[in-house]
>>> print(open('upload21.pdb').read())   # PDB, N, CA and C atoms, pLDDT in the B column
ATOM      1  N   MET A   1      14.163 -12.034  18.270  1.00 60.00           N
ATOM      2  CA  MET A   1      14.831 -11.497  17.107  1.00 60.00           C
ATOM      3  C   MET A   1      13.815 -10.724  16.275  1.00 60.00           C
ATOM      4  N   ALA A   2      14.170  -9.529  15.866  1.00 66.00           N
ATOM      5  CA  ALA A   2      13.274  -8.688  15.080  1.00 66.00           C
ATOM      6  C   ALA A   2      13.205  -9.183  13.641  1.00 66.00           C
ATOM      7  N   ALA A   3      12.039  -9.039  13.047  1.00 70.00           N
ATOM      8  CA  ALA A   3      11.851  -9.443  11.651  1.00 70.00           C
ATOM      9  C   ALA A   3      12.511  -8.429  10.725  1.00 70.00           C
ATOM     10  N   MET A   4      13.041  -8.907   9.599  1.00 67.00           N
ATOM     11  CA  MET A   4      13.656  -8.026   8.615  1.00 67.00           C
ATOM     12  C   MET A   4      12.565  -7.526   7.669  1.00 67.00           C
ATOM     13  N   ASP A   5      12.605  -6.230   7.340  1.00 83.00           N
ATOM     14  CA  ASP A   5      11.614  -5.715   6.401  1.00 83.00           C
ATOM     15  C   ASP A   5      11.950  -6.179   4.980  1.00 83.00           C
ATOM     16  N   ALA A   6      11.011  -6.020   4.075  1.00 84.00           N
ATOM     17  CA  ALA A   6      11.170  -6.517   2.703  1.00 84.00           C
ATOM     18  C   ALA A   6      12.349  -5.857   1.993  1.00 84.00           C
ATOM     19  N   ASN A   7      12.547  -4.562   2.193  1.00 82.00           N
ATOM     20  CA  ASN A   7      13.659  -3.859   1.546  1.00 82.00           C
ATOM     21  C   ASN A   7      14.994  -4.374   2.084  1.00 82.00           C
ATOM     22  N   GLY A   8      15.083  -4.565   3.376  1.00 84.00           N
ATOM     23  CA  GLY A   8      16.305  -5.097   3.973  1.00 84.00           C
ATOM     24  C   GLY A   8      16.625  -6.486   3.454  1.00 84.00           C
ATOM     25  N   ALA A   9      15.598  -7.300   3.274  1.00 86.00           N
ATOM     26  CA  ALA A   9      15.791  -8.651   2.745  1.00 86.00           C
ATOM     27  C   ALA A   9      16.289  -8.607   1.304  1.00 86.00           C
ATOM     28  N   ARG A  10      15.751  -7.697   0.482  1.00 86.00           N
ATOM     29  CA  ARG A  10      16.198  -7.558  -0.913  1.00 86.00           C
ATOM     30  C   ARG A  10      17.658  -7.130  -0.970  1.00 86.00           C
ATOM     31  N   LEU A  11      18.033  -6.163  -0.122  1.00 84.00           N
ATOM     32  CA  LEU A  11      19.420  -5.685  -0.118  1.00 84.00           C
ATOM     33  C   LEU A  11      20.382  -6.768   0.361  1.00 84.00           C
ATOM     34  N   LEU A  12      19.989  -7.531   1.358  1.00 85.00           N
ATOM     35  CA  LEU A  12      20.831  -8.623   1.842  1.00 85.00           C
ATOM     36  C   LEU A  12      21.014  -9.671   0.752  1.00 85.00           C
ATOM     37  N   ALA A  13      19.934 -10.030   0.068  1.00 87.00           N
ATOM     38  CA  ALA A  13      20.026 -11.013  -1.021  1.00 87.00           C
ATOM     39  C   ALA A  13      20.927 -10.499  -2.138  1.00 87.00           C
ATOM     40  N   ALA A  14      20.850  -9.214  -2.450  1.00 86.00           N
ATOM     41  CA  ALA A  14      21.686  -8.632  -3.506  1.00 86.00           C
ATOM     42  C   ALA A  14      23.157  -8.678  -3.113  1.00 86.00           C
ATOM     43  N   ARG A  15      23.458  -8.391  -1.854  1.00 86.00           N
ATOM     44  CA  ARG A  15      24.847  -8.429  -1.400  1.00 86.00           C
ATOM     45  C   ARG A  15      25.399  -9.847  -1.436  1.00 86.00           C
ATOM     46  N   ILE A  16      24.591 -10.810  -1.084  1.00 87.00           N
ATOM     47  CA  ILE A  16      25.017 -12.210  -1.153  1.00 87.00           C
ATOM     48  C   ILE A  16      25.248 -12.609  -2.608  1.00 87.00           C
ATOM     49  N   ARG A  17      24.330 -12.224  -3.492  1.00 86.00           N
ATOM     50  CA  ARG A  17      24.442 -12.539  -4.916  1.00 86.00           C
ATOM     51  C   ARG A  17      25.692 -11.901  -5.528  1.00 86.00           C
ATOM     52  N   ALA A  18      26.037 -10.686  -5.112  1.00 87.00           N
ATOM     53  CA  ALA A  18      27.213  -9.992  -5.655  1.00 87.00           C
ATOM     54  C   ALA A  18      28.503 -10.703  -5.244  1.00 87.00           C
ATOM     55  N   GLY A  19      28.517 -11.334  -4.094  1.00 87.00           N
ATOM     56  CA  GLY A  19      29.691 -12.087  -3.665  1.00 87.00           C
ATOM     57  C   GLY A  19      30.807 -11.257  -3.083  1.00 87.00           C
ATOM     58  N   VAL A  20      30.568  -9.989  -2.854  1.00 91.00           N
ATOM     59  CA  VAL A  20      31.559  -9.109  -2.238  1.00 91.00           C
ATOM     60  C   VAL A  20      30.858  -8.210  -1.234  1.00 91.00           C
ATOM     61  N   ALA A  21      31.623  -7.617  -0.352  1.00 91.00           N
ATOM     62  CA  ALA A  21      31.064  -6.723   0.661  1.00 91.00           C
ATOM     63  C   ALA A  21      31.447  -5.279   0.357  1.00 91.00           C
ATOM     64  N   ILE A  22      30.654  -4.360   0.865  1.00 93.00           N
ATOM     65  CA  ILE A  22      31.003  -2.946   0.758  1.00 93.00           C
ATOM     66  C   ILE A  22      32.323  -2.729   1.489  1.00 93.00           C
ATOM     67  N   GLY A  23      33.235  -1.997   0.847  1.00 95.00           N
ATOM     68  CA  GLY A  23      34.549  -1.741   1.412  1.00 95.00           C
ATOM     69  C   GLY A  23      35.609  -2.741   0.975  1.00 95.00           C
ATOM     70  N   ALA A  24      35.179  -3.826   0.300  1.00 95.00           N
ATOM     71  CA  ALA A  24      36.130  -4.852  -0.148  1.00 95.00           C
ATOM     72  C   ALA A  24      36.921  -4.355  -1.356  1.00 95.00           C
ATOM     73  N   ARG A  25      38.179  -4.780  -1.447  1.00 97.00           N
ATOM     74  CA  ARG A  25      38.977  -4.538  -2.651  1.00 97.00           C
ATOM     75  C   ARG A  25      38.720  -5.687  -3.604  1.00 97.00           C
ATOM     76  N   ILE A  26      38.493  -5.335  -4.866  1.00 96.00           N
ATOM     77  CA  ILE A  26      38.211  -6.353  -5.874  1.00 96.00           C
ATOM     78  C   ILE A  26      39.133  -6.187  -7.077  1.00 96.00           C
ATOM     79  N   GLU A  27      39.168  -7.227  -7.885  1.00 96.00           N
ATOM     80  CA  GLU A  27      39.908  -7.194  -9.139  1.00 96.00           C
ATOM     81  C   GLU A  27      39.028  -7.780 -10.235  1.00 96.00           C
ATOM     82  N   LEU A  28      39.060  -7.155 -11.407  1.00 94.00           N
ATOM     83  CA  LEU A  28      38.339  -7.704 -12.547  1.00 94.00           C
ATOM     84  C   LEU A  28      39.094  -8.914 -13.061  1.00 94.00           C
ATOM     85  N   VAL A  29      38.374 -10.008 -13.255  1.00 91.00           N
ATOM     86  CA  VAL A  29      38.987 -11.246 -13.737  1.00 91.00           C
ATOM     87  C   VAL A  29      38.995 -11.268 -15.264  1.00 91.00           C
ATOM     88  N   GLY A  30      37.964 -10.714 -15.880  1.00 83.00           N
ATOM     89  CA  GLY A  30      37.870 -10.699 -17.336  1.00 83.00           C
ATOM     90  C   GLY A  30      37.473  -9.328 -17.835  1.00 83.00           C
ATOM     91  N   ASN A  31      37.571  -9.137 -19.129  1.00 80.00           N
ATOM     92  CA  ASN A  31      37.189  -7.861 -19.718  1.00 80.00           C
ATOM     93  C   ASN A  31      35.670  -7.749 -19.793  1.00 80.00           C
ATOM     94  N   PRO A  32      35.121  -6.589 -19.410  1.00 77.00           N
ATOM     95  CA  PRO A  32      33.677  -6.398 -19.514  1.00 77.00           C
ATOM     96  C   PRO A  32      33.239  -6.361 -20.974  1.00 77.00           C
ATOM     97  N   SER A  33      31.974  -6.656 -21.192  1.00 74.00           N
ATOM     98  CA  SER A  33      31.444  -6.676 -22.557  1.00 74.00           C
ATOM     99  C   SER A  33      30.927  -5.309 -23.001  1.00 74.00           C
ATOM    100  N   ASP A  34      31.184  -4.282 -22.221  1.00 73.00           N
ATOM    101  CA  ASP A  34      30.722  -2.939 -22.587  1.00 73.00           C
ATOM    102  C   ASP A  34      31.920  -2.037 -22.907  1.00 73.00           C
ATOM    103  N   ASP A  35      31.644  -0.772 -23.122  1.00 76.00           N
ATOM    104  CA  ASP A  35      32.706   0.181 -23.451  1.00 76.00           C
ATOM    105  C   ASP A  35      33.079   1.044 -22.245  1.00 76.00           C
ATOM    106  N   SER A  36      33.147   0.425 -21.076  1.00 77.00           N
ATOM    107  CA  SER A  36      33.408   1.153 -19.833  1.00 77.00           C
ATOM    108  C   SER A  36      34.852   1.615 -19.698  1.00 77.00           C
ATOM    109  N   GLY A  37      35.749   1.040 -20.484  1.00 83.00           N
ATOM    110  CA  GLY A  37      37.168   1.366 -20.357  1.00 83.00           C
ATOM    111  C   GLY A  37      37.883   0.486 -19.352  1.00 83.00           C
ATOM    112  N   LEU A  38      37.139  -0.406 -18.696  1.00 89.00           N
ATOM    113  CA  LEU A  38      37.744  -1.325 -17.740  1.00 89.00           C
ATOM    114  C   LEU A  38      38.396  -2.481 -18.476  1.00 89.00           C
ATOM    115  N   CYS A  39      39.396  -3.091 -17.841  1.00 90.00           N
ATOM    116  CA  CYS A  39      40.032  -4.268 -18.427  1.00 90.00           C
ATOM    117  C   CYS A  39      40.440  -5.222 -17.308  1.00 90.00           C
ATOM    118  N   ALA A  40      40.661  -6.471 -17.689  1.00 91.00           N
ATOM    119  CA  ALA A  40      41.068  -7.487 -16.721  1.00 91.00           C
ATOM    120  C   ALA A  40      42.282  -6.990 -15.943  1.00 91.00           C
ATOM    121  N   GLY A  41      42.243  -7.201 -14.638  1.00 94.00           N
ATOM    122  CA  GLY A  41      43.331  -6.761 -13.775  1.00 94.00           C
ATOM    123  C   GLY A  41      43.076  -5.436 -13.077  1.00 94.00           C
ATOM    124  N   ASP A  42      42.072  -4.673 -13.536  1.00 95.00           N
ATOM    125  CA  ASP A  42      41.741  -3.419 -12.847  1.00 95.00           C
ATOM    126  C   ASP A  42      41.309  -3.735 -11.420  1.00 95.00           C
ATOM    127  N   ARG A  43      41.706  -2.863 -10.499  1.00 97.00           N
ATOM    128  CA  ARG A  43      41.375  -3.044  -9.087  1.00 97.00           C
ATOM    129  C   ARG A  43      40.680  -1.812  -8.535  1.00 97.00           C
ATOM    130  N   GLY A  44      39.840  -2.045  -7.525  1.00 97.00           N
ATOM    131  CA  GLY A  44      39.132  -0.944  -6.908  1.00 97.00           C
ATOM    132  C   GLY A  44      38.470  -1.364  -5.614  1.00 97.00           C
ATOM    133  N   VAL A  45      37.695  -0.437  -5.039  1.00 97.00           N
ATOM    134  CA  VAL A  45      37.013  -0.646  -3.762  1.00 97.00           C
ATOM    135  C   VAL A  45      35.508  -0.553  -3.984  1.00 97.00           C
ATOM    136  N   VAL A  46      34.777  -1.512  -3.422  1.00 96.00           N
ATOM    137  CA  VAL A  46      33.317  -1.540  -3.533  1.00 96.00           C
ATOM    138  C   VAL A  46      32.739  -0.439  -2.645  1.00 96.00           C
ATOM    139  N   ASP A  47      31.977   0.465  -3.266  1.00 97.00           N
ATOM    140  CA  ASP A  47      31.348   1.568  -2.536  1.00 97.00           C
ATOM    141  C   ASP A  47      29.905   1.262  -2.161  1.00 97.00           C
ATOM    142  N   GLN A  48      29.216   0.504  -3.013  1.00 95.00           N
ATOM    143  CA  GLN A  48      27.786   0.284  -2.813  1.00 95.00           C
ATOM    144  C   GLN A  48      27.369  -0.949  -3.604  1.00 95.00           C
ATOM    145  N   ILE A  49      26.308  -1.593  -3.144  1.00 93.00           N
ATOM    146  CA  ILE A  49      25.672  -2.694  -3.871  1.00 93.00           C
ATOM    147  C   ILE A  49      24.182  -2.397  -3.879  1.00 93.00           C
ATOM    148  N   ASP A  50      23.603  -2.312  -5.078  1.00 91.00           N
ATOM    149  CA  ASP A  50      22.179  -1.976  -5.131  1.00 91.00           C
ATOM    150  C   ASP A  50      21.328  -3.239  -5.056  1.00 91.00           C
ATOM    151  N   GLU A  51      20.012  -3.062  -5.057  1.00 89.00           N
ATOM    152  CA  GLU A  51      19.115  -4.207  -4.856  1.00 89.00           C
ATOM    153  C   GLU A  51      19.097  -5.175  -6.027  1.00 89.00           C
ATOM    154  N   ARG A  52      19.673  -4.793  -7.170  1.00 90.00           N
ATOM    155  CA  ARG A  52      19.797  -5.724  -8.304  1.00 90.00           C
ATOM    156  C   ARG A  52      21.064  -6.569  -8.196  1.00 90.00           C
ATOM    157  N   GLY A  53      21.929  -6.227  -7.235  1.00 90.00           N
ATOM    158  CA  GLY A  53      23.204  -6.930  -7.098  1.00 90.00           C
ATOM    159  C   GLY A  53      24.319  -6.281  -7.885  1.00 90.00           C
ATOM    160  N   HIS A  54      24.049  -5.123  -8.483  1.00 92.00           N
ATOM    161  CA  HIS A  54      25.094  -4.400  -9.205  1.00 92.00           C
ATOM    162  C   HIS A  54      26.021  -3.739  -8.196  1.00 92.00           C
ATOM    163  N   VAL A  55      27.302  -3.729  -8.529  1.00 94.00           N
ATOM    164  CA  VAL A  55      28.341  -3.254  -7.619  1.00 94.00           C
ATOM    165  C   VAL A  55      28.879  -1.922  -8.132  1.00 94.00           C
ATOM    166  N   PHE A  56      28.929  -0.930  -7.254  1.00 96.00           N
ATOM    167  CA  PHE A  56      29.479   0.378  -7.578  1.00 96.00           C
ATOM    168  C   PHE A  56      30.892   0.429  -7.003  1.00 96.00           C
ATOM    169  N   VAL A  57      31.866   0.705  -7.881  1.00 96.00           N
ATOM    170  CA  VAL A  57      33.276   0.579  -7.514  1.00 96.00           C
ATOM    171  C   VAL A  57      34.019   1.878  -7.797  1.00 96.00           C
ATOM    172  N   SER A  58      34.886   2.278  -6.861  1.00 97.00           N
ATOM    173  CA  SER A  58      35.855   3.350  -7.104  1.00 97.00           C
ATOM    174  C   SER A  58      37.148   2.665  -7.517  1.00 97.00           C
ATOM    175  N   TRP A  59      37.515   2.839  -8.782  1.00 97.00           N
ATOM    176  CA  TRP A  59      38.670   2.149  -9.346  1.00 97.00           C
ATOM    177  C   TRP A  59      39.967   2.883  -9.022  1.00 97.00           C
ATOM    178  N   ASP A  60      41.031   2.139  -8.893  1.00 97.00           N
ATOM    179  CA  ASP A  60      42.344   2.716  -8.584  1.00 97.00           C
ATOM    180  C   ASP A  60      42.813   3.676  -9.678  1.00 97.00           C
ATOM    181  N   ARG A  61      42.287   3.536 -10.886  1.00 94.00           N
ATOM    182  CA  ARG A  61      42.685   4.427 -11.990  1.00 94.00           C
ATOM    183  C   ARG A  61      41.990   5.783 -11.938  1.00 94.00           C
ATOM    184  N   GLY A  62      41.199   6.018 -10.889  1.00 94.00           N
ATOM    185  CA  GLY A  62      40.668   7.359 -10.661  1.00 94.00           C
ATOM    186  C   GLY A  62      39.260   7.633 -11.147  1.00 94.00           C
ATOM    187  N   PHE A  63      38.454   6.624 -11.372  1.00 93.00           N
ATOM    188  CA  PHE A  63      37.062   6.857 -11.736  1.00 93.00           C
ATOM    189  C   PHE A  63      36.189   5.814 -11.050  1.00 93.00           C
ATOM    190  N   ALA A  64      34.890   6.039 -11.106  1.00 95.00           N
ATOM    191  CA  ALA A  64      33.939   5.114 -10.491  1.00 95.00           C
ATOM    192  C   ALA A  64      32.988   4.608 -11.562  1.00 95.00           C
ATOM    193  N   SER A  65      32.517   3.382 -11.375  1.00 93.00           N
ATOM    194  CA  SER A  65      31.535   2.827 -12.315  1.00 93.00           C
ATOM    195  C   SER A  65      30.733   1.729 -11.639  1.00 93.00           C
ATOM    196  N   GLU A  66      29.663   1.362 -12.306  1.00 93.00           N
ATOM    197  CA  GLU A  66      28.774   0.290 -11.848  1.00 93.00           C
ATOM    198  C   GLU A  66      29.041  -0.932 -12.705  1.00 93.00           C
ATOM    199  N   ILE A  67      29.131  -2.104 -12.074  1.00 91.00           N
ATOM    200  CA  ILE A  67      29.293  -3.337 -12.830  1.00 91.00           C
ATOM    201  C   ILE A  67      28.279  -4.370 -12.352  1.00 91.00           C
ATOM    202  N   ASP A  68      27.962  -5.286 -13.243  1.00 90.00           N
ATOM    203  CA  ASP A  68      27.098  -6.415 -12.917  1.00 90.00           C
ATOM    204  C   ASP A  68      27.995  -7.635 -12.780  1.00 90.00           C
ATOM    205  N   PRO A  69      28.184  -8.149 -11.557  1.00 88.00           N
ATOM    206  CA  PRO A  69      29.101  -9.266 -11.375  1.00 88.00           C
ATOM    207  C   PRO A  69      28.675 -10.549 -12.095  1.00 88.00           C
ATOM    208  N   GLU A  70      27.423 -10.626 -12.527  1.00 87.00           N
ATOM    209  CA  GLU A  70      26.990 -11.801 -13.278  1.00 87.00           C
ATOM    210  C   GLU A  70      27.518 -11.784 -14.707  1.00 87.00           C
ATOM    211  N   SER A  71      27.805 -10.597 -15.258  1.00 87.00           N
ATOM    212  CA  SER A  71      28.327 -10.513 -16.613  1.00 87.00           C
ATOM    213  C   SER A  71      29.769 -10.016 -16.671  1.00 87.00           C
ATOM    214  N   THR A  72      30.266  -9.478 -15.577  1.00 87.00           N
ATOM    215  CA  THR A  72      31.650  -9.005 -15.491  1.00 87.00           C
ATOM    216  C   THR A  72      32.303  -9.694 -14.313  1.00 87.00           C
ATOM    217  N   PRO A  73      33.121 -10.714 -14.558  1.00 88.00           N
ATOM    218  CA  PRO A  73      33.681 -11.489 -13.448  1.00 88.00           C
ATOM    219  C   PRO A  73      34.661 -10.689 -12.594  1.00 88.00           C
ATOM    220  N   ILE A  74      34.444 -10.761 -11.281  1.00 91.00           N
ATOM    221  CA  ILE A  74      35.318 -10.105 -10.299  1.00 91.00           C
ATOM    222  C   ILE A  74      35.658 -11.094  -9.211  1.00 91.00           C
ATOM    223  N   HIS A  75      36.707 -10.784  -8.456  1.00 92.00           N
ATOM    224  CA  HIS A  75      36.961 -11.571  -7.254  1.00 92.00           C
ATOM    225  C   HIS A  75      37.540 -10.653  -6.195  1.00 92.00           C
ATOM    226  N   PRO A  76      37.211 -10.949  -4.926  1.00 93.00           N
ATOM    227  CA  PRO A  76      37.732 -10.126  -3.835  1.00 93.00           C
ATOM    228  C   PRO A  76      39.218 -10.383  -3.640  1.00 93.00           C
ATOM    229  N   LEU A  77      39.937  -9.347  -3.254  1.00 94.00           N
ATOM    230  CA  LEU A  77      41.356  -9.463  -2.934  1.00 94.00           C
ATOM    231  C   LEU A  77      41.531  -9.604  -1.437  1.00 94.00           C
ATOM    232  N   ALA A  78      42.596 -10.256  -1.044  1.00 87.00           N
ATOM    233  CA  ALA A  78      42.897 -10.398   0.386  1.00 87.00           C
ATOM    234  C   ALA A  78      43.170  -9.024   0.976  1.00 87.00           C
ATOM    235  N   ALA A  79      42.745  -8.828   2.204  1.00 70.00           N
ATOM    236  CA  ALA A  79      42.923  -7.535   2.877  1.00 70.00           C
ATOM    237  C   ALA A  79      44.362  -7.270   3.248  1.00 70.00           C
TER     238      ALA A  79
END
>>> encode(input="upload21.pdb", output="structure tokens")
Amino acid sequence: MAAMDANGARLLAARIRAGVAIGARIELVGNPSDDSGLCAGDRGVVDQIDERGHVFVSWDRGFASEIDPESTPIHPLAA
């Protein structure tokens, strides 16, 4: 088995910490603490997860944004 490089390990840890996979449909469980315009119940698709564990989402309402799942609760939707 080949060893994982340090960057690959960081990205894997971030994806595990985020609790969702790229391509997953998610729903916001609570209102974010920022002025993003998002609200509980908004749904979208995960486009990317960065090494900090922040999730980049294309929302069904027609825009994209970055969220921190540690401060903005989300949950994956069934496929």
>>> residues_near_point(input="upload21.pdb", point="(44.6, -8.5, -19.3)", cutoff="8 Å", atoms="only C-alpha atoms", output="ChimeraX atom specification")
/A:30-31,39-41
>>> residues_near_point(input="upload21.pdb", point="(38.0, -10.0, 1.3)", cutoff="12 Å", atoms="only C-alpha atoms", output="mmCIF file with N, CA and C atoms, in the coordinates of the input")
data_model
loop_
_atom_site.group_PDB
_atom_site.id
_atom_site.type_symbol
_atom_site.label_atom_id
_atom_site.label_comp_id
_atom_site.auth_asym_id
_atom_site.auth_seq_id
_atom_site.Cartn_x
_atom_site.Cartn_y
_atom_site.Cartn_z
ATOM 1 N N GLY A 19 28.517 -11.334 -4.094
ATOM 2 C CA GLY A 19 29.691 -12.087 -3.665
ATOM 3 C C GLY A 19 30.807 -11.257 -3.083
ATOM 4 N N VAL A 20 30.568 -9.989 -2.854
ATOM 5 C CA VAL A 20 31.559 -9.109 -2.238
ATOM 6 C C VAL A 20 30.858 -8.210 -1.234
ATOM 7 N N ALA A 21 31.623 -7.617 -0.352
ATOM 8 C CA ALA A 21 31.064 -6.723 0.661
ATOM 9 C C ALA A 21 31.447 -5.279 0.357
ATOM 10 N N ILE A 22 30.654 -4.360 0.865
ATOM 11 C CA ILE A 22 31.003 -2.946 0.758
ATOM 12 C C ILE A 22 32.323 -2.729 1.489
ATOM 13 N N GLY A 23 33.235 -1.997 0.847
ATOM 14 C CA GLY A 23 34.549 -1.741 1.412
ATOM 15 C C GLY A 23 35.609 -2.741 0.975
ATOM 16 N N ALA A 24 35.179 -3.826 0.300
ATOM 17 C CA ALA A 24 36.130 -4.852 -0.148
ATOM 18 C C ALA A 24 36.921 -4.355 -1.356
ATOM 19 N N ARG A 25 38.179 -4.780 -1.447
ATOM 20 C CA ARG A 25 38.977 -4.538 -2.651
ATOM 21 C C ARG A 25 38.720 -5.687 -3.604
ATOM 22 N N ILE A 26 38.493 -5.335 -4.866
ATOM 23 C CA ILE A 26 38.211 -6.353 -5.874
ATOM 24 C C ILE A 26 39.133 -6.187 -7.077
ATOM 25 N N GLU A 27 39.168 -7.227 -7.885
ATOM 26 C CA GLU A 27 39.908 -7.194 -9.139
ATOM 27 C C GLU A 27 39.028 -7.780 -10.235
ATOM 28 N N VAL A 45 37.695 -0.437 -5.039
ATOM 29 C CA VAL A 45 37.013 -0.646 -3.762
ATOM 30 C C VAL A 45 35.508 -0.553 -3.984
ATOM 31 N N VAL A 46 34.777 -1.512 -3.422
ATOM 32 C CA VAL A 46 33.317 -1.540 -3.533
ATOM 33 C C VAL A 46 32.739 -0.439 -2.645
ATOM 34 N N ILE A 74 34.444 -10.761 -11.281
ATOM 35 C CA ILE A 74 35.318 -10.105 -10.299
ATOM 36 C C ILE A 74 35.658 -11.094 -9.211
ATOM 37 N N HIS A 75 36.707 -10.784 -8.456
ATOM 38 C CA HIS A 75 36.961 -11.571 -7.254
ATOM 39 C C HIS A 75 37.540 -10.653 -6.195
ATOM 40 N N PRO A 76 37.211 -10.949 -4.926
ATOM 41 C CA PRO A 76 37.732 -10.126 -3.835
ATOM 42 C C PRO A 76 39.218 -10.383 -3.640
ATOM 43 N N LEU A 77 39.937 -9.347 -3.254
ATOM 44 C CA LEU A 77 41.356 -9.463 -2.934
ATOM 45 C C LEU A 77 41.531 -9.604 -1.437
ATOM 46 N N ALA A 78 42.596 -10.256 -1.044
ATOM 47 C CA ALA A 78 42.897 -10.398 0.386
ATOM 48 C C ALA A 78 43.170 -9.024 0.976
ATOM 49 N N ALA A 79 42.745 -8.828 2.204
ATOM 50 C CA ALA A 79 42.923 -7.535 2.877
ATOM 51 C C ALA A 79 44.362 -7.270 3.248
#
>>> resolve_selection(input="upload21.pdb", expression="the PyMOL selection byres (((chain A and resi 52 and name CA) around 12) and name CA)", output="tab-separated table (two decimals) with N, CA and C atoms, in the frame of the given file")
chain	number	residue	atom	x	y	z
A	7	ASN	N	12.55	-4.56	2.19
A	7	ASN	CA	13.66	-3.86	1.55
A	7	ASN	C	14.99	-4.37	2.08
A	10	ARG	N	15.75	-7.70	0.48
A	10	ARG	CA	16.20	-7.56	-0.91
A	10	ARG	C	17.66	-7.13	-0.97
A	11	LEU	N	18.03	-6.16	-0.12
A	11	LEU	CA	19.42	-5.68	-0.12
A	11	LEU	C	20.38	-6.77	0.36
A	12	LEU	N	19.99	-7.53	1.36
A	12	LEU	CA	20.83	-8.62	1.84
A	12	LEU	C	21.01	-9.67	0.75
A	13	ALA	N	19.93	-10.03	0.07
A	13	ALA	CA	20.03	-11.01	-1.02
A	13	ALA	C	20.93	-10.50	-2.14
A	14	ALA	N	20.85	-9.21	-2.45
A	14	ALA	CA	21.69	-8.63	-3.51
A	14	ALA	C	23.16	-8.68	-3.11
A	15	ARG	N	23.46	-8.39	-1.85
A	15	ARG	CA	24.85	-8.43	-1.40
A	15	ARG	C	25.40	-9.85	-1.44
A	16	ILE	N	24.59	-10.81	-1.08
A	16	ILE	CA	25.02	-12.21	-1.15
A	16	ILE	C	25.25	-12.61	-2.61
A	17	ARG	N	24.33	-12.22	-3.49
A	17	ARG	CA	24.44	-12.54	-4.92
A	17	ARG	C	25.69	-11.90	-5.53
A	18	ALA	N	26.04	-10.69	-5.11
A	18	ALA	CA	27.21	-9.99	-5.66
A	18	ALA	C	28.50	-10.70	-5.24
A	48	GLN	N	29.22	0.50	-3.01
A	48	GLN	CA	27.79	0.28	-2.81
A	48	GLN	C	27.37	-0.95	-3.60
A	49	ILE	N	26.31	-1.59	-3.14
A	49	ILE	CA	25.67	-2.69	-3.87
A	49	ILE	C	24.18	-2.40	-3.88
A	50	ASP	N	23.60	-2.31	-5.08
A	50	ASP	CA	22.18	-1.98	-5.13
A	50	ASP	C	21.33	-3.24	-5.06
A	51	GLU	N	20.01	-3.06	-5.06
A	51	GLU	CA	19.11	-4.21	-4.86
A	51	GLU	C	19.10	-5.18	-6.03
A	53	GLY	N	21.93	-6.23	-7.24
A	53	GLY	CA	23.20	-6.93	-7.10
A	53	GLY	C	24.32	-6.28	-7.88
A	54	HIS	N	24.05	-5.12	-8.48
A	54	HIS	CA	25.09	-4.40	-9.20
A	54	HIS	C	26.02	-3.74	-8.20
A	55	VAL	N	27.30	-3.73	-8.53
A	55	VAL	CA	28.34	-3.25	-7.62
A	55	VAL	C	28.88	-1.92	-8.13
A	56	PHE	N	28.93	-0.93	-7.25
A	56	PHE	CA	29.48	0.38	-7.58
A	56	PHE	C	30.89	0.43	-7.00
A	66	GLU	N	29.66	1.36	-12.31
A	66	GLU	CA	28.77	0.29	-11.85
A	66	GLU	C	29.04	-0.93	-12.70
A	67	ILE	N	29.13	-2.10	-12.07
A	67	ILE	CA	29.29	-3.34	-12.83
A	67	ILE	C	28.28	-4.37	-12.35
A	68	ASP	N	27.96	-5.29	-13.24
A	68	ASP	CA	27.10	-6.42	-12.92
A	68	ASP	C	28.00	-7.64	-12.78
A	69	PRO	N	28.18	-8.15	-11.56
A	69	PRO	CA	29.10	-9.27	-11.38
A	69	PRO	C	28.68	-10.55	-12.10
A	70	GLU	N	27.42	-10.63	-12.53
A	70	GLU	CA	26.99	-11.80	-13.28
A	70	GLU	C	27.52	-11.78	-14.71
>>> resolve_selection(input="upload21.pdb", expression="the PyMOL selection byres ((chain A and resi 58) around 7)", output="list in words")
Arg43, Gly44, Val45, Val46, Asp47, Phe56, Val57, Trp59, Asp60, Arg61, Gly62, Phe63, Ala64 and Ser65 of chain A
>>> select_by_dssp(input="upload21.pdb", residues="chain A", states="helix (DSSP H, G or I)", output="PyMOL selection string")
chain A and resi 6-18
>>> select_by_dssp(input="upload21.pdb", residues="chain A", states="strand (DSSP E)", output="PyMOL selection string")
chain A and resi 25-28+43-49+55-59+64-67+74-76
>>> atom_distance(input="upload21.pdb", atom1="atom N of Thr72 (chain A)", atom2="atom N of Ser33 (chain A)")
6.5 Å
